[in-house]
Each structure stands twice: as C-alpha cells, then as structure tokens.
Amino acid sequence: MEKLIAKDLLSIGAVFFRPDKPFIWASGIKSPVYCDNRLTLTAPSVRGDVENGLAENIRRHYPQAEVLMGTSTAGIAHAAITAHIMGLPMGYVRSGAKDHGRQNRIEGKLEKGQKVVVVEDLISTGGSVLEVVDALREAGAEVLGVVSIFTYGMKKGLQRLAEANVKNVSLTNFGVVAQVAADEGYIKPEDVKRLLAFRDNPSDESWIGTEAL
C-alpha cells in the first residue's frame, strides 16, 4: 500500500519534490518538498485508493472504532468518505470554537466514552493533530489513534505523538515517497540522501545544492 499511495500522490503532484529549488515554508524553513493532498479529492482513481486505504487501516489497527473525526479543514472530506465506506458516523473538529450559535468546536454528535479515530491528511510536527486529539479527549471521547495519508516522519513529530500517547498509522511516508520518486524518474537517485537529510533535520540547510552527503 505504501508504494501504491506514493505513486498515486506523485502522479497527481500532491507530493512534489524540488531539491534544487527549495520551497519556503511559512516558518521560513527551506523545503525540497511541496505537499497538497487536497488534490486527491479531484482525482477519482487516486481518491478511491486513498479512502479505501484509510478504511483498511482503520479496520486493521482500530477495529473498535465507533466514530471518525476529521481535522479541519483538510481531513473533513477524507473522514466523510471513509466513514461512508465503513458505515460509521463522522464529524470534525474546528481549529477553534465558533464565535456564534452554539459555539461548537466539535461538529457532529459525539457521546462521552465513544471510541474515536482522527482522520488527518498530512502530519509533519504533529501540532495540529494533537490539538484535535486534546479537544476530543476533553469532550470525553476515547481517542484510539490517528490515520493519515502522508507523514514526514520528522523526529519532532514522532516525539510529540509518543509523549501524548497517540498512535498514527499513515498510508505512506516521506522515505517511501522519496525512493519511489527516484525509481520513477521524478528525481535523481542521488537526491534521496538529500531529502532524508532534510527530514532528519529541517533546520540544517546543508543538503541544498549537494548531490550526495
């Protein structure tokens, strides 16, 4: 599955590598990769692989799941489609409470004690998904874990998830996508080491303009 999803994401440009001309993140960090998993929603065959893959991972790793909760906003559509496939209820968690109406942060019916799986599209440092987990736990839900489409596997993200006792299962990851990109001719084989150097230490820019480390 990891290689299939990697090929899918590369084929539609949802994960795009550009090690020689890095992108600039909002934080100012230079990155050799651009990720936009929202593109999967407009590619029906890829979308099918993604949603069926998420459903498979939930059945395999979280068989007790009673409700799916998407992250706002990227995870909402994936949670909805996957919940439809599985015949489960779903909702989503806002980044903050509404300032009108009932001022909900969690949308959709959620009972205390219900077993929840969070659906996320992308995990880097883990900050946003952990905020969602915290909100659900505060509401009395039992969060079984997270499923996501893609994870960088950055040390900071892995550490934060572990400290919060949150399990994440991704369809694919940065290392697999980088290797498939090399195998499929999207990047040069020698670029893989550079990409992994970025993943292991994003603040170290020594990988830029270096073909091999």
# chains A, B, ... in the order shown; residues from 1 in each chain; ligands from 1
>>> residues_around(residues="Asp183 of chain A", least_positions_apart="5", cutoff="12 Å", atoms="only C-alpha atoms", output="number ranges by chain")
A: 3, 6-7, 10, 176-178, 188-192
>>> select_by_dssp(residues="segment 52-111 of chain A", states="alpha helix (DSSP H)", output="number ranges by chain")
A: 52-61, 74-86
>>> write_last_selection(atoms="N, CA and C atoms", output="PDB file, in the first residue's frame")
ATOM      1  N   ASN A  52     -10.136   3.981   0.420  1.00  0.00           N
ATOM      2  CA  ASN A  52     -10.170   2.550   0.732  1.00  0.00           C
ATOM      3  C   ASN A  52      -8.988   2.150   1.601  1.00  0.00           C
ATOM      4  N   GLY A  53      -7.847   2.808   1.373  1.00  0.00           N
ATOM      5  CA  GLY A  53      -6.679   2.543   2.208  1.00  0.00           C
ATOM      6  C   GLY A  53      -6.895   3.000   3.639  1.00  0.00           C
ATOM      7  N   LEU A  54      -7.489   4.178   3.814  1.00  0.00           N
ATOM      8  CA  LEU A  54      -7.785   4.652   5.160  1.00  0.00           C
ATOM      9  C   LEU A  54      -8.752   3.709   5.870  1.00  0.00           C
ATOM     10  N   ALA A  55      -9.779   3.271   5.138  1.00  0.00           N
ATOM     11  CA  ALA A  55     -10.747   2.342   5.724  1.00  0.00           C
ATOM     12  C   ALA A  55     -10.065   1.036   6.126  1.00  0.00           C
ATOM     13  N   GLU A  56      -9.178   0.553   5.277  1.00  0.00           N
ATOM     14  CA  GLU A  56      -8.459  -0.695   5.589  1.00  0.00           C
ATOM     15  C   GLU A  56      -7.603  -0.533   6.836  1.00  0.00           C
ATOM     16  N   ASN A  57      -6.916   0.597   6.947  1.00  0.00           N
ATOM     17  CA  ASN A  57      -6.061   0.813   8.120  1.00  0.00           C
ATOM     18  C   ASN A  57      -6.878   0.939   9.398  1.00  0.00           C
ATOM     19  N   ILE A  58      -8.048   1.558   9.296  1.00  0.00           N
ATOM     20  CA  ILE A  58      -8.898   1.662  10.480  1.00  0.00           C
ATOM     21  C   ILE A  58      -9.393   0.281  10.897  1.00  0.00           C
ATOM     22  N   ARG A  59      -9.839  -0.506   9.940  1.00  0.00           N
ATOM     23  CA  ARG A  59     -10.310  -1.861  10.266  1.00  0.00           C
ATOM     24  C   ARG A  59      -9.189  -2.698  10.888  1.00  0.00           C
ATOM     25  N   ARG A  60      -7.976  -2.533  10.385  1.00  0.00           N
ATOM     26  CA  ARG A  60      -6.850  -3.353  10.838  1.00  0.00           C
ATOM     27  C   ARG A  60      -6.304  -2.891  12.179  1.00  0.00           C
ATOM     28  N   HIS A  61      -6.146  -1.580  12.345  1.00  0.00           N
ATOM     29  CA  HIS A  61      -5.464  -1.056  13.533  1.00  0.00           C
ATOM     30  C   HIS A  61      -6.412  -0.559  14.620  1.00  0.00           C
ATOM     31  N   ALA A  74      -8.563  20.052   6.108  1.00  0.00           N
ATOM     32  CA  ALA A  74      -8.113  19.069   5.121  1.00  0.00           C
ATOM     33  C   ALA A  74      -8.617  17.652   5.383  1.00  0.00           C
ATOM     34  N   GLY A  75      -8.858  17.311   6.645  1.00  0.00           N
ATOM     35  CA  GLY A  75      -9.264  15.950   6.947  1.00  0.00           C
ATOM     36  C   GLY A  75     -10.756  15.692   6.852  1.00  0.00           C
ATOM     37  N   ILE A  76     -11.553  16.750   6.685  1.00  0.00           N
ATOM     38  CA  ILE A  76     -13.008  16.597   6.739  1.00  0.00           C
ATOM     39  C   ILE A  76     -13.532  15.700   5.616  1.00  0.00           C
ATOM     40  N   ALA A  77     -13.135  16.010   4.379  1.00  0.00           N
ATOM     41  CA  ALA A  77     -13.639  15.222   3.248  1.00  0.00           C
ATOM     42  C   ALA A  77     -13.197  13.767   3.346  1.00  0.00           C
ATOM     43  N   HIS A  78     -11.963  13.539   3.739  1.00  0.00           N
ATOM     44  CA  HIS A  78     -11.463  12.166   3.839  1.00  0.00           C
ATOM     45  C   HIS A  78     -12.195  11.396   4.945  1.00  0.00           C
ATOM     46  N   ALA A  79     -12.481  12.069   6.056  1.00  0.00           N
ATOM     47  CA  ALA A  79     -13.235  11.420   7.124  1.00  0.00           C
ATOM     48  C   ALA A  79     -14.644  11.078   6.654  1.00  0.00           C
ATOM     49  N   ALA A  80     -15.256  11.987   5.904  1.00  0.00           N
ATOM     50  CA  ALA A  80     -16.626  11.764   5.434  1.00  0.00           C
ATOM     51  C   ALA A  80     -16.693  10.586   4.466  1.00  0.00           C
ATOM     52  N   ILE A  81     -15.781  10.548   3.497  1.00  0.00           N
ATOM     53  CA  ILE A  81     -15.813   9.476   2.505  1.00  0.00           C
ATOM     54  C   ILE A  81     -15.488   8.131   3.148  1.00  0.00           C
ATOM     55  N   THR A  82     -14.467   8.126   4.018  1.00  0.00           N
ATOM     56  CA  THR A  82     -14.074   6.879   4.677  1.00  0.00           C
ATOM     57  C   THR A  82     -15.192   6.386   5.594  1.00  0.00           C
ATOM     58  N   ALA A  83     -15.844   7.301   6.307  1.00  0.00           N
ATOM     59  CA  ALA A  83     -16.957   6.907   7.172  1.00  0.00           C
ATOM     60  C   ALA A  83     -18.091   6.313   6.351  1.00  0.00           C
ATOM     61  N   HIS A  84     -18.338   6.875   5.163  1.00  0.00           N
ATOM     62  CA  HIS A  84     -19.380   6.340   4.281  1.00  0.00           C
ATOM     63  C   HIS A  84     -19.032   4.916   3.856  1.00  0.00           C
ATOM     64  N   ILE A  85     -17.776   4.691   3.499  1.00  0.00           N
ATOM     65  CA  ILE A  85     -17.343   3.344   3.104  1.00  0.00           C
ATOM     66  C   ILE A  85     -17.555   2.355   4.240  1.00  0.00           C
ATOM     67  N   MET A  86     -17.277   2.799   5.469  1.00  0.00           N
ATOM     68  CA  MET A  86     -17.317   1.904   6.620  1.00  0.00           C
ATOM     69  C   MET A  86     -18.676   1.868   7.314  1.00  0.00           C
TER      70      MET A  86
END
>>> atom_distance(atom1="atom CA of Ile106 of chain A", atom2="atom CA of Lys155 of chain A")
29.2 Å
>>> residues_around(residues="Ile5 of chain A", least_positions_apart="5", cutoff="12 Å", atoms="only C-alpha atoms", output="ChimeraX atom specification")
/A:10-12,14-15,37,40,45-54,148-150,170-174,176-177,180-181
>>> residues_around(residues="Ser72 of chain A", least_positions_apart="2", cutoff="12 Å", atoms="only C-alpha atoms", output="list in words")
Met69, Gly70, Ala74, Gly75, Ile76, Ala77, His78, Ala79, Gly91, Tyr92, Val93, Arg94, Ser95, Gly96, Ala97, Arg105, Ile106, Glu107, Val118, Val119, Glu120, Asp121, Leu122, Ser128, Val129, Glu131 and Val132 of chain A
>>> select_by_dssp(residues="segment 67-156 of chain A", states="strand (DSSP E or B)", output="PyMOL selection string")
chain A and resi 67-71+90-93+106-107+115-123+142-151
>>> atom_distance(atom1="atom CA of Gly140 of chain A", atom2="atom CA of Leu158 of chain A")
24.6 Å
>>> atom_distance(atom1="atom CA of Leu39 of chain A", atom2="atom CA of Phe16 of chain A")
11.7 Å
>>> residues_around(residues="Lys193 of chain A", least_positions_apart="4", cutoff="12 Å", atoms="only C-alpha atoms", output="PyMOL selection string")
chain A and resi 19+32+174-175+178-179+182+187-189+197-200+206-208+210-213
>>> write_last_selection(atoms="N, CA and C atoms", output="PDB file, in the first residue's frame")
ATOM      1  N   PRO A  19      14.350  19.394  -5.042  1.00  0.00           N
ATOM      2  CA  PRO A  19      15.520  19.580  -4.179  1.00  0.00           C
ATOM      3  C   PRO A  19      16.485  20.676  -4.636  1.00  0.00           C
ATOM      4  N   PRO A  32      12.550  20.830   0.322  1.00  0.00           N
ATOM      5  CA  PRO A  32      12.623  20.270  -1.026  1.00  0.00           C
ATOM      6  C   PRO A  32      11.320  19.637  -1.480  1.00  0.00           C
ATOM      7  N   PHE A 174       7.394   9.883   3.989  1.00  0.00           N
ATOM      8  CA  PHE A 174       8.379  10.651   3.237  1.00  0.00           C
ATOM      9  C   PHE A 174       9.460   9.761   2.616  1.00  0.00           C
ATOM     10  N   GLY A 175       9.978   8.815   3.399  1.00  0.00           N
ATOM     11  CA  GLY A 175      11.042   7.950   2.897  1.00  0.00           C
ATOM     12  C   GLY A 175      10.601   7.103   1.720  1.00  0.00           C
ATOM     13  N   ALA A 178      10.032   9.365  -1.371  1.00  0.00           N
ATOM     14  CA  ALA A 178      11.315   9.801  -1.948  1.00  0.00           C
ATOM     15  C   ALA A 178      11.938   8.689  -2.777  1.00  0.00           C
ATOM     16  N   GLN A 179      11.912   7.452  -2.281  1.00  0.00           N
ATOM     17  CA  GLN A 179      12.503   6.338  -3.013  1.00  0.00           C
ATOM     18  C   GLN A 179      11.711   6.027  -4.277  1.00  0.00           C
ATOM     19  N   ALA A 182      12.496   8.519  -6.944  1.00  0.00           N
ATOM     20  CA  ALA A 182      13.752   8.214  -7.622  1.00  0.00           C
ATOM     21  C   ALA A 182      13.579   7.058  -8.601  1.00  0.00           C
ATOM     22  N   ILE A 187      12.932  12.353  -9.573  1.00  0.00           N
ATOM     23  CA  ILE A 187      14.154  12.967  -9.059  1.00  0.00           C
ATOM     24  C   ILE A 187      15.326  12.039  -9.382  1.00  0.00           C
ATOM     25  N   LYS A 188      16.538  12.537  -9.185  1.00  0.00           N
ATOM     26  CA  LYS A 188      17.724  11.709  -9.398  1.00  0.00           C
ATOM     27  C   LYS A 188      17.934  10.781  -8.206  1.00  0.00           C
ATOM     28  N   PRO A 189      18.456   9.587  -8.435  1.00  0.00           N
ATOM     29  CA  PRO A 189      18.674   8.643  -7.324  1.00  0.00           C
ATOM     30  C   PRO A 189      19.508   9.235  -6.196  1.00  0.00           C
ATOM     31  N   ALA A 197      18.066  13.787   4.552  1.00  0.00           N
ATOM     32  CA  ALA A 197      18.794  14.708   5.435  1.00  0.00           C
ATOM     33  C   ALA A 197      17.880  15.851   5.865  1.00  0.00           C
ATOM     34  N   PHE A 198      17.073  16.342   4.945  1.00  0.00           N
ATOM     35  CA  PHE A 198      16.093  17.381   5.285  1.00  0.00           C
ATOM     36  C   PHE A 198      15.106  16.852   6.308  1.00  0.00           C
ATOM     37  N   ARG A 199      14.577  15.671   6.074  1.00  0.00           N
ATOM     38  CA  ARG A 199      13.589  15.095   7.003  1.00  0.00           C
ATOM     39  C   ARG A 199      14.169  14.967   8.413  1.00  0.00           C
ATOM     40  N   ASP A 200      15.411  14.525   8.497  1.00  0.00           N
ATOM     41  CA  ASP A 200      16.013  14.274   9.800  1.00  0.00           C
ATOM     42  C   ASP A 200      16.385  15.553  10.546  1.00  0.00           C
ATOM     43  N   SER A 206      22.289  22.183   4.815  1.00  0.00           N
ATOM     44  CA  SER A 206      23.492  21.715   4.114  1.00  0.00           C
ATOM     45  C   SER A 206      23.164  20.815   2.922  1.00  0.00           C
ATOM     46  N   TRP A 207      21.918  20.296   2.869  1.00  0.00           N
ATOM     47  CA  TRP A 207      21.522  19.427   1.760  1.00  0.00           C
ATOM     48  C   TRP A 207      21.286  20.207   0.471  1.00  0.00           C
ATOM     49  N   ILE A 208      21.080  21.516   0.593  1.00  0.00           N
ATOM     50  CA  ILE A 208      20.765  22.321  -0.593  1.00  0.00           C
ATOM     51  C   ILE A 208      21.967  22.429  -1.514  1.00  0.00           C
ATOM     52  N   THR A 210      23.625  20.071  -2.845  1.00  0.00           N
ATOM     53  CA  THR A 210      24.589  18.985  -2.658  1.00  0.00           C
ATOM     54  C   THR A 210      23.979  17.694  -3.173  1.00  0.00           C
ATOM     55  N   GLU A 211      24.626  17.081  -4.147  1.00  0.00           N
ATOM     56  CA  GLU A 211      24.059  15.880  -4.761  1.00  0.00           C
ATOM     57  C   GLU A 211      24.181  14.655  -3.883  1.00  0.00           C
ATOM     58  N   ALA A 212      25.187  14.602  -3.051  1.00  0.00           N
ATOM     59  CA  ALA A 212      25.351  13.444  -2.184  1.00  0.00           C
ATOM     60  C   ALA A 212      25.955  13.897  -0.854  1.00  0.00           C
ATOM     61  N   LEU A 213      25.495  13.279   0.222  1.00  0.00           N
ATOM     62  CA  LEU A 213      26.008  13.624   1.549  1.00  0.00           C
ATOM     63  C   LEU A 213      26.871  12.498   2.090  1.00  0.00           C
TER      64      LEU A 213
END
>>> closest_residue(among="A:Arg18, A:Val117, A:Glu66, A:Ala43", to="Lys30 of chain A", atoms="only C-alpha atoms")
A:Arg18
>>> residues_around(residues="segment 160-166 of chain A", least_positions_apart="5", cutoff="12 Å", atoms="only C-alpha atoms", output="list in words")
Val117, Val118, Ile123, Ser124, Thr125, Gly126, Gly127, Ser128, Val129, Leu130, Glu131, Val132, Val133, Asp134, Arg137, Glu142, Val143, Leu144, Gly145, Val146, Val147, Gly153, Met154 and Lys155 of chain A
>>> write_last_selection(atoms="N, CA, C and O atoms", output="short mmCIF file (atom, residue, chain, number, x, y, z; two decimals), in the first residue's frame")
data_model
loop_
_atom_site.label_atom_id
_atom_site.label_comp_id
_atom_site.auth_asym_id
_atom_site.auth_seq_id
_atom_site.Cartn_x
_atom_site.Cartn_y
_atom_site.Cartn_z
N VAL A 117 -11.53 7.65 16.00
CA VAL A 117 -10.30 7.69 15.20
C VAL A 117 -10.27 9.02 14.48
O VAL A 117 -11.25 9.42 13.85
N VAL A 118 -9.14 9.72 14.58
CA VAL A 118 -8.96 11.01 13.92
C VAL A 118 -8.41 10.78 12.51
O VAL A 118 -7.48 9.99 12.33
N ILE A 123 0.90 14.80 8.30
CA ILE A 123 1.50 15.04 9.61
C ILE A 123 2.97 15.41 9.43
O ILE A 123 3.73 14.67 8.80
N SER A 124 3.34 16.56 9.99
CA SER A 124 4.74 16.98 9.98
C SER A 124 5.26 17.01 11.42
O SER A 124 5.81 16.03 11.90
N THR A 125 5.04 18.11 12.12
CA THR A 125 5.47 18.19 13.52
C THR A 125 4.43 17.67 14.49
O THR A 125 4.71 17.53 15.69
N GLY A 126 3.22 17.39 14.00
CA GLY A 126 2.19 16.79 14.83
C GLY A 126 1.36 17.76 15.65
O GLY A 126 0.42 17.36 16.32
N GLY A 127 1.68 19.06 15.59
CA GLY A 127 1.00 20.03 16.44
C GLY A 127 -0.49 20.12 16.22
O GLY A 127 -1.28 20.08 17.18
N SER A 128 -0.92 20.23 14.96
CA SER A 128 -2.35 20.44 14.69
C SER A 128 -3.19 19.21 15.04
O SER A 128 -4.28 19.34 15.59
N VAL A 129 -2.69 18.03 14.72
CA VAL A 129 -3.48 16.83 15.01
C VAL A 129 -3.56 16.59 16.51
O VAL A 129 -4.59 16.10 17.02
N LEU A 130 -2.53 16.96 17.25
CA LEU A 130 -2.57 16.78 18.70
C LEU A 130 -3.56 17.74 19.35
O LEU A 130 -4.17 17.41 20.37
N GLU A 131 -3.75 18.92 18.77
CA GLU A 131 -4.77 19.83 19.28
C GLU A 131 -6.16 19.22 19.12
O GLU A 131 -7.02 19.37 19.98
N VAL A 132 -6.37 18.54 18.00
CA VAL A 132 -7.64 17.86 17.76
C VAL A 132 -7.84 16.73 18.77
O VAL A 132 -8.93 16.57 19.35
N VAL A 133 -6.81 15.95 18.99
CA VAL A 133 -6.89 14.86 19.97
C VAL A 133 -7.21 15.41 21.35
O VAL A 133 -8.07 14.86 22.07
N ASP A 134 -6.56 16.50 21.73
CA ASP A 134 -6.81 17.11 23.04
C ASP A 134 -8.27 17.55 23.18
O ASP A 134 -8.90 17.34 24.22
N ARG A 137 -10.46 14.47 23.63
CA ARG A 137 -10.28 13.91 24.97
C ARG A 137 -10.99 14.77 26.01
O ARG A 137 -11.62 14.24 26.94
N GLU A 142 -12.84 8.61 23.79
CA GLU A 142 -11.65 7.76 23.88
C GLU A 142 -11.00 7.74 22.49
O GLU A 142 -11.53 7.13 21.57
N VAL A 143 -9.90 8.44 22.35
CA VAL A 143 -9.23 8.52 21.06
C VAL A 143 -8.33 7.30 20.87
O VAL A 143 -7.32 7.14 21.56
N LEU A 144 -8.72 6.44 19.94
CA LEU A 144 -7.95 5.23 19.67
C LEU A 144 -6.64 5.55 18.97
O LEU A 144 -5.63 4.87 19.17
N GLY A 145 -6.66 6.58 18.12
CA GLY A 145 -5.47 6.95 17.38
C GLY A 145 -5.82 7.76 16.15
O GLY A 145 -6.94 8.26 16.01
N VAL A 146 -4.85 7.87 15.26
CA VAL A 146 -4.96 8.70 14.07
C VAL A 146 -4.66 7.87 12.83
O VAL A 146 -3.81 6.97 12.87
N VAL A 147 -5.35 8.16 11.74
CA VAL A 147 -4.95 7.65 10.42
C VAL A 147 -4.69 8.87 9.55
O VAL A 147 -5.39 9.88 9.65
N GLY A 153 7.53 11.84 9.04
CA GLY A 153 8.37 11.03 9.91
C GLY A 153 9.46 11.85 10.58
O GLY A 153 10.51 11.32 10.96
N MET A 154 9.20 13.16 10.74
CA MET A 154 10.18 14.03 11.40
C MET A 154 10.30 13.66 12.88
O MET A 154 9.31 13.30 13.53
N LYS A 155 11.51 13.78 13.40
CA LYS A 155 11.76 13.38 14.79
C LYS A 155 10.87 14.14 15.76
O LYS A 155 10.35 13.57 16.72
#
>>> closest_residue(among="A:Thr71, A:Pro89, A:Leu110, A:Thr151", to="Cys35 of chain A", atoms="only C-alpha atoms")
A:Thr151
